[in-house]
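> Pasting a structure below so you can have a look.
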Amino acid sequence: MMIQKILCVAACAAGLAFGASAGIPEFNDAMRRGDIQAASAEAVDTWESWDKTHPDTALMAREFGFVSMLAGNYEAARDFARFLADQGAHLPKPDDFPLTSAVLLWAAEYKLSGSAEMRDGLAVSLRQRAEIEGVDLITAAGAEALYSGDWVTGDWERVIESAGLAVELMGRDSDGLIPRMRRAQMIGAAADFLYKKDRLTKSRNETYDAMADVHDAIAADIDADTEGRMRSQLWPLKWQAEAWAYSMEAYLTSDYAQIDSLISTKVEARRLVHPSVPYVETRPELAAFPVCPGEFKGKRMTYPSSRAFSGLVGSVLVRIETDERGKVINTELLASVPLEGFAETVVETARSWTYRPDRDADLRQCRVEFNNYTYKVSFLIG
């Protein structure tokens with residue numbers, strides 16, 4: 001299996017002639033700092049004086065193009081990819097991954113124009129790349145660009161197809177691409193729900209189960225990642241999948257009618273699996289006492305509207321911290337679906353709240369101070 005490493009340029013540069021390697025140290029230094037913008041600028045500058053007869057030319061063009069894609073410099077990414085399309089086969093050492101280079105070109109063109117023609121070209125290039133074994137980071141990024149673009153246009157059928165292709169490709173690297181594969185699975189499941197939500201058939205219930213399955217798989221991934229290398233990527237996906245499952249359950253529960261139907265349309269809500277590893281550790285001084293039964297009091301919640309998602313149920317998950325009096329002192333947005341913008345009002349309102357215990361709560365046996373309370377809210381989108 002071939003996994004293309006973005007930082008292989010550092011190793012490649014070590015064997016280059018002095019003249020050809022000018023600019024490579026600066027490029028590698030920017031990559032080590034995580035400054036993708038600077039790395040892209042160094043790539044463009046380096047390429048101007050690069051000896052195109054060097055045997056690593058195709059590799060360098062592809063790596064420089066990919067870094068430029070990551071930096072959002074799509075013009076540069078397109079230029080590097082065009083060089084490979086035009087001259088890759090005729091270089092002293094020909095481009096040995098032309099299908100990957102083609103994905104880079106179409107992805108850059110699609111990012112620049114957003115046109116249907118470029119979208120279809122990217123889809124074709126990805127399917128051609130899928131016909132050979134292995135996966136690389138350029139192909140993964142191209143697949144993400146495709147299904148993300150389909151999502152923005154609201155073409156749910158196409159999202160189902162393009163997200164499925166992304167899952168198939170990323171599943172070839174069962175280690176490094178797990179978070180990106182799970183995101184594609186989640187987006188595909190969400191699109192499947194949006195496509196089937198108005199159909200009174202059993203299939204729309206199955207969309208809820210599919211999302212719950214994705215959520216539980218992510219929870220298992222978090223627990224399996226004992227070294228914690230991917231948890232920072234997996235936790236946001238877990239919260240998003242939970243919000244989607246919560247939203248879908250609320251919609252399907254409130255929207256059902258069974259007149260003249262022989263198919264059971266009652267959704268069976270599942271208890272979602274949560275990682276054994278906590279997202280935020282309860283502070284030791286609080287762990288000895290449970291949270292008092294009670295509720296948040298304060299400013300009333302108002303809910304946003306959306307013409308694109310009118311009639312759906314929105315869900316927002318927020319982590320809330322309170323002080324010893326129950327006053328909210330910190331909030332963290334965990335997830336908001338189907339649009340991230342729905343969270344602004346919820347988070348702003350939550351900051352004004354105080355957690356009030358029930359009248360019969362024994363404050364000697366419970367607490368109103370917490371640092372890892374997950375608040376969930378669902379609302380009908382007008």
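Ordered as shown in the structure tokens, chains take letters A, B, and onward, while each chain numbers its residues from 1 and ligands are numbered from 1 in the order shown.
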Just list the residues in segment 111-307 of chain A DSSP gives strand (DSSP E or B) on the backbone, as a list in words.

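After running DSSP on the backbone, segment 111-307 of chain A has strand (DSSP E or B) at Val291, Gly294, Glu295, Phe296 and Lys297 of chain A.
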
> Residues at most 9 Å from segment 58-68 of chain A, counting only C-alpha atoms, excluding those fewer than 3 positions away in the same chain, as JSON, numbers by chain?

{"A": [5, 6, 7, 8, 9, 12, 36, 37, 39, 40, 41, 43, 44, 47, 52, 54, 55, 71, 72, 73, 74, 75, 76, 77, 78, 79, 80, 81, 83, 84, 88, 91, 93, 94, 95, 96, 97, 100, 101, 104, 105, 137, 138, 141]}

> Using only C-alpha atoms, which residues sit within 9 Å of segment 324-336 of chain A once same-chain residues fewer than 2 positions away are excluded, as a PyMOL selection string?

chain A and resi 235-237+239-244+296+314-322+338-344+347-348+350-357+367-371+374

> Just to be explicit: take each residue in the selection above, keep N, CA and C atoms, and write the result as a short mmCIF file (atom, residue, chain, number, x, y, z; two decimals), in the first residue's frame.


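Below is the file again-v8.cif, written as the result:
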```cif
data_model
loop_
_atom_site.label_atom_id
_atom_site.label_comp_id
_atom_site.auth_asym_id
_atom_site.auth_seq_id
_atom_site.Cartn_x
_atom_site.Cartn_y
_atom_site.Cartn_z
N TRP A 235 -12.69 13.48 18.84
CA TRP A 235 -13.71 14.00 19.76
C TRP A 235 -14.69 14.96 19.07
N PRO A 236 -14.23 15.92 18.25
CA PRO A 236 -15.21 16.78 17.56
C PRO A 236 -16.16 15.98 16.68
N LEU A 237 -15.66 14.90 16.06
CA LEU A 237 -16.52 14.07 15.22
C LEU A 237 -17.53 13.32 16.07
N TRP A 239 -18.87 14.33 18.87
CA TRP A 239 -19.93 15.27 19.27
C TRP A 239 -20.85 15.59 18.10
N GLN A 240 -20.27 15.75 16.92
CA GLN A 240 -21.10 16.03 15.75
C GLN A 240 -22.04 14.87 15.44
N ALA A 241 -21.52 13.65 15.49
CA ALA A 241 -22.35 12.48 15.22
C ALA A 241 -23.44 12.35 16.28
N GLU A 242 -23.11 12.67 17.52
CA GLU A 242 -24.13 12.62 18.59
C GLU A 242 -25.22 13.66 18.33
N ALA A 243 -24.80 14.87 17.93
CA ALA A 243 -25.79 15.92 17.64
C ALA A 243 -26.70 15.51 16.49
N TRP A 244 -26.12 14.91 15.46
CA TRP A 244 -26.93 14.44 14.33
C TRP A 244 -27.91 13.35 14.77
N PHE A 296 -31.15 24.86 34.57
CA PHE A 296 -30.57 26.17 34.34
C PHE A 296 -31.66 27.23 34.31
N GLY A 314 -33.00 21.13 14.67
CA GLY A 314 -31.60 21.47 14.90
C GLY A 314 -31.16 20.99 16.26
N SER A 315 -29.90 20.70 16.41
CA SER A 315 -29.35 20.26 17.70
C SER A 315 -28.03 20.98 17.96
N VAL A 316 -27.86 21.37 19.22
CA VAL A 316 -26.62 22.02 19.64
C VAL A 316 -26.17 21.36 20.94
N LEU A 317 -24.89 21.03 21.02
CA LEU A 317 -24.29 20.47 22.23
C LEU A 317 -23.25 21.45 22.74
N VAL A 318 -23.35 21.78 24.03
CA VAL A 318 -22.45 22.75 24.65
C VAL A 318 -21.92 22.17 25.96
N ARG A 319 -20.62 22.28 26.16
CA ARG A 319 -20.06 21.92 27.47
C ARG A 319 -20.08 23.15 28.36
N ILE A 320 -20.60 22.99 29.57
CA ILE A 320 -20.80 24.12 30.48
C ILE A 320 -20.01 23.91 31.76
N GLU A 321 -19.38 24.97 32.21
CA GLU A 321 -18.71 24.99 33.51
C GLU A 321 -19.40 26.00 34.41
N THR A 322 -19.56 25.66 35.69
CA THR A 322 -20.17 26.57 36.66
C THR A 322 -19.24 26.75 37.85
N PRO A 338 -28.06 21.25 11.74
CA PRO A 338 -27.28 20.98 10.53
C PRO A 338 -26.34 22.11 10.12
N LEU A 339 -26.36 23.24 10.85
CA LEU A 339 -25.45 24.34 10.53
C LEU A 339 -24.73 24.79 11.79
N GLU A 340 -23.45 25.11 11.65
CA GLU A 340 -22.68 25.57 12.80
C GLU A 340 -23.21 26.91 13.31
N GLY A 341 -23.78 27.71 12.43
CA GLY A 341 -24.28 29.02 12.83
C GLY A 341 -25.42 28.98 13.81
N PHE A 342 -26.08 27.83 13.93
CA PHE A 342 -27.18 27.71 14.88
C PHE A 342 -26.70 27.85 16.32
N ALA A 343 -25.43 27.63 16.56
CA ALA A 343 -24.93 27.57 17.93
C ALA A 343 -24.77 28.94 18.57
N GLU A 344 -24.62 29.97 17.78
CA GLU A 344 -24.28 31.29 18.33
C GLU A 344 -25.27 31.74 19.39
N VAL A 347 -25.12 29.38 22.63
CA VAL A 347 -23.94 29.61 23.47
C VAL A 347 -24.04 30.96 24.18
N GLU A 348 -24.46 31.98 23.47
CA GLU A 348 -24.59 33.31 24.07
C GLU A 348 -25.60 33.30 25.21
N ALA A 350 -26.58 30.65 27.02
CA ALA A 350 -26.12 29.79 28.11
C ALA A 350 -25.16 30.54 29.04
N ARG A 351 -24.45 31.50 28.52
CA ARG A 351 -23.50 32.24 29.35
C ARG A 351 -24.20 33.06 30.43
N SER A 352 -25.49 33.31 30.28
CA SER A 352 -26.23 34.11 31.25
C SER A 352 -26.90 33.26 32.32
N TRP A 353 -26.76 31.96 32.24
CA TRP A 353 -27.52 31.06 33.11
C TRP A 353 -26.84 30.81 34.46
N THR A 354 -27.68 30.33 35.37
CA THR A 354 -27.23 29.80 36.66
C THR A 354 -27.94 28.47 36.88
N TYR A 355 -27.18 27.49 37.36
CA TYR A 355 -27.78 26.18 37.62
C TYR A 355 -28.43 26.20 39.00
N ARG A 356 -29.75 26.00 39.02
CA ARG A 356 -30.51 26.04 40.26
C ARG A 356 -30.91 24.62 40.66
N PRO A 357 -30.54 24.18 41.88
CA PRO A 357 -30.94 22.85 42.31
C PRO A 357 -32.43 22.79 42.64
N ARG A 367 -23.76 18.76 44.37
CA ARG A 367 -23.09 20.02 44.04
C ARG A 367 -23.73 20.70 42.84
N VAL A 368 -23.54 21.99 42.74
CA VAL A 368 -23.99 22.77 41.57
C VAL A 368 -22.78 23.29 40.79
N GLU A 369 -21.60 22.92 41.22
CA GLU A 369 -20.37 23.29 40.52
C GLU A 369 -19.91 22.10 39.68
N PHE A 370 -19.65 22.35 38.42
CA PHE A 370 -19.16 21.27 37.55
C PHE A 370 -18.35 21.87 36.40
N ASN A 371 -17.52 21.02 35.81
CA ASN A 371 -16.66 21.49 34.71
C ASN A 371 -16.82 20.66 33.45
N THR A 374 -22.59 18.41 29.87
CA THR A 374 -22.96 18.53 28.46
C THR A 374 -24.43 18.89 28.34
#
```

> I'd like the neighbourhood of Leu234 of chain A as a list in words, where a residue qualifies if any of its atoms comes within 7 Å (using only C-alpha atoms), though same-chain residues fewer than 5 positions away should be ignored.

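So, after excluding close chain neighbours, the residues are Pro179, Ile218 and Ile222 of chain A.
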
> Please write the residues from the selection above to a file, keeping C-alpha atoms, as a short mmCIF file (atom, residue, chain, number, x, y, z; two decimals), in the first residue's frame.


```cif
data_model
loop_
_atom_site.label_atom_id
_atom_site.label_comp_id
_atom_site.auth_asym_id
_atom_site.auth_seq_id
_atom_site.Cartn_x
_atom_site.Cartn_y
_atom_site.Cartn_z
CA PRO A 179 -10.74 10.46 11.53
CA ILE A 218 -15.94 6.90 16.69
CA ILE A 222 -11.24 7.11 20.85
#
```

> Could you tell me how far atom CA of Thr282 of chain A lies from atom CA of Asp323 of chain A, in Å and to one decimal?

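Between atom CA of Thr282 of chain A and atom CA of Asp323 of chain A the gap works out to 13.4 Å.
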
> Out of A:Lys376, A:Arg229, A:His215, A:Arg199, which residue has the shortest atom-to-atom distance to Leu177 of chain A when counting only C-alpha atoms?

A:Arg229

> At a cut-off of 8 Å, using only C-alpha atoms, what residues contact segment 307-312 of chain A? Leave out same-chain residues fewer than 3 positions from it and give the result as a list in words.

Tyr251, Pro338, Leu380, Ile381 and Gly382 of chain A

> What is the atom CA of Leu165 of chain A-atom CA of Ala224 of chain A distance in Å, reported with one decimal?

25.1 Å

> For Ser174 of chain A, list every protein, DNA or RNA residue within 12 Å, evaluated using only C-alpha atoms, and leave out those in the same chain fewer than 5 positions away; present the list as a list in words.

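That gives Met1, Ile3, Gly134, Val135, Val167, Glu168, Leu169, Pro179, Arg180, Met181, Arg182 and Asp221 of chain A.
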
> To one decimal in Å, tell me the separation between atom CA of Asp175 of chain A and atom CA of Ala130 of chain A.

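For atom CA of Asp175 of chain A relative to atom CA of Ala130 of chain A, the distance reads 18.4 Å.
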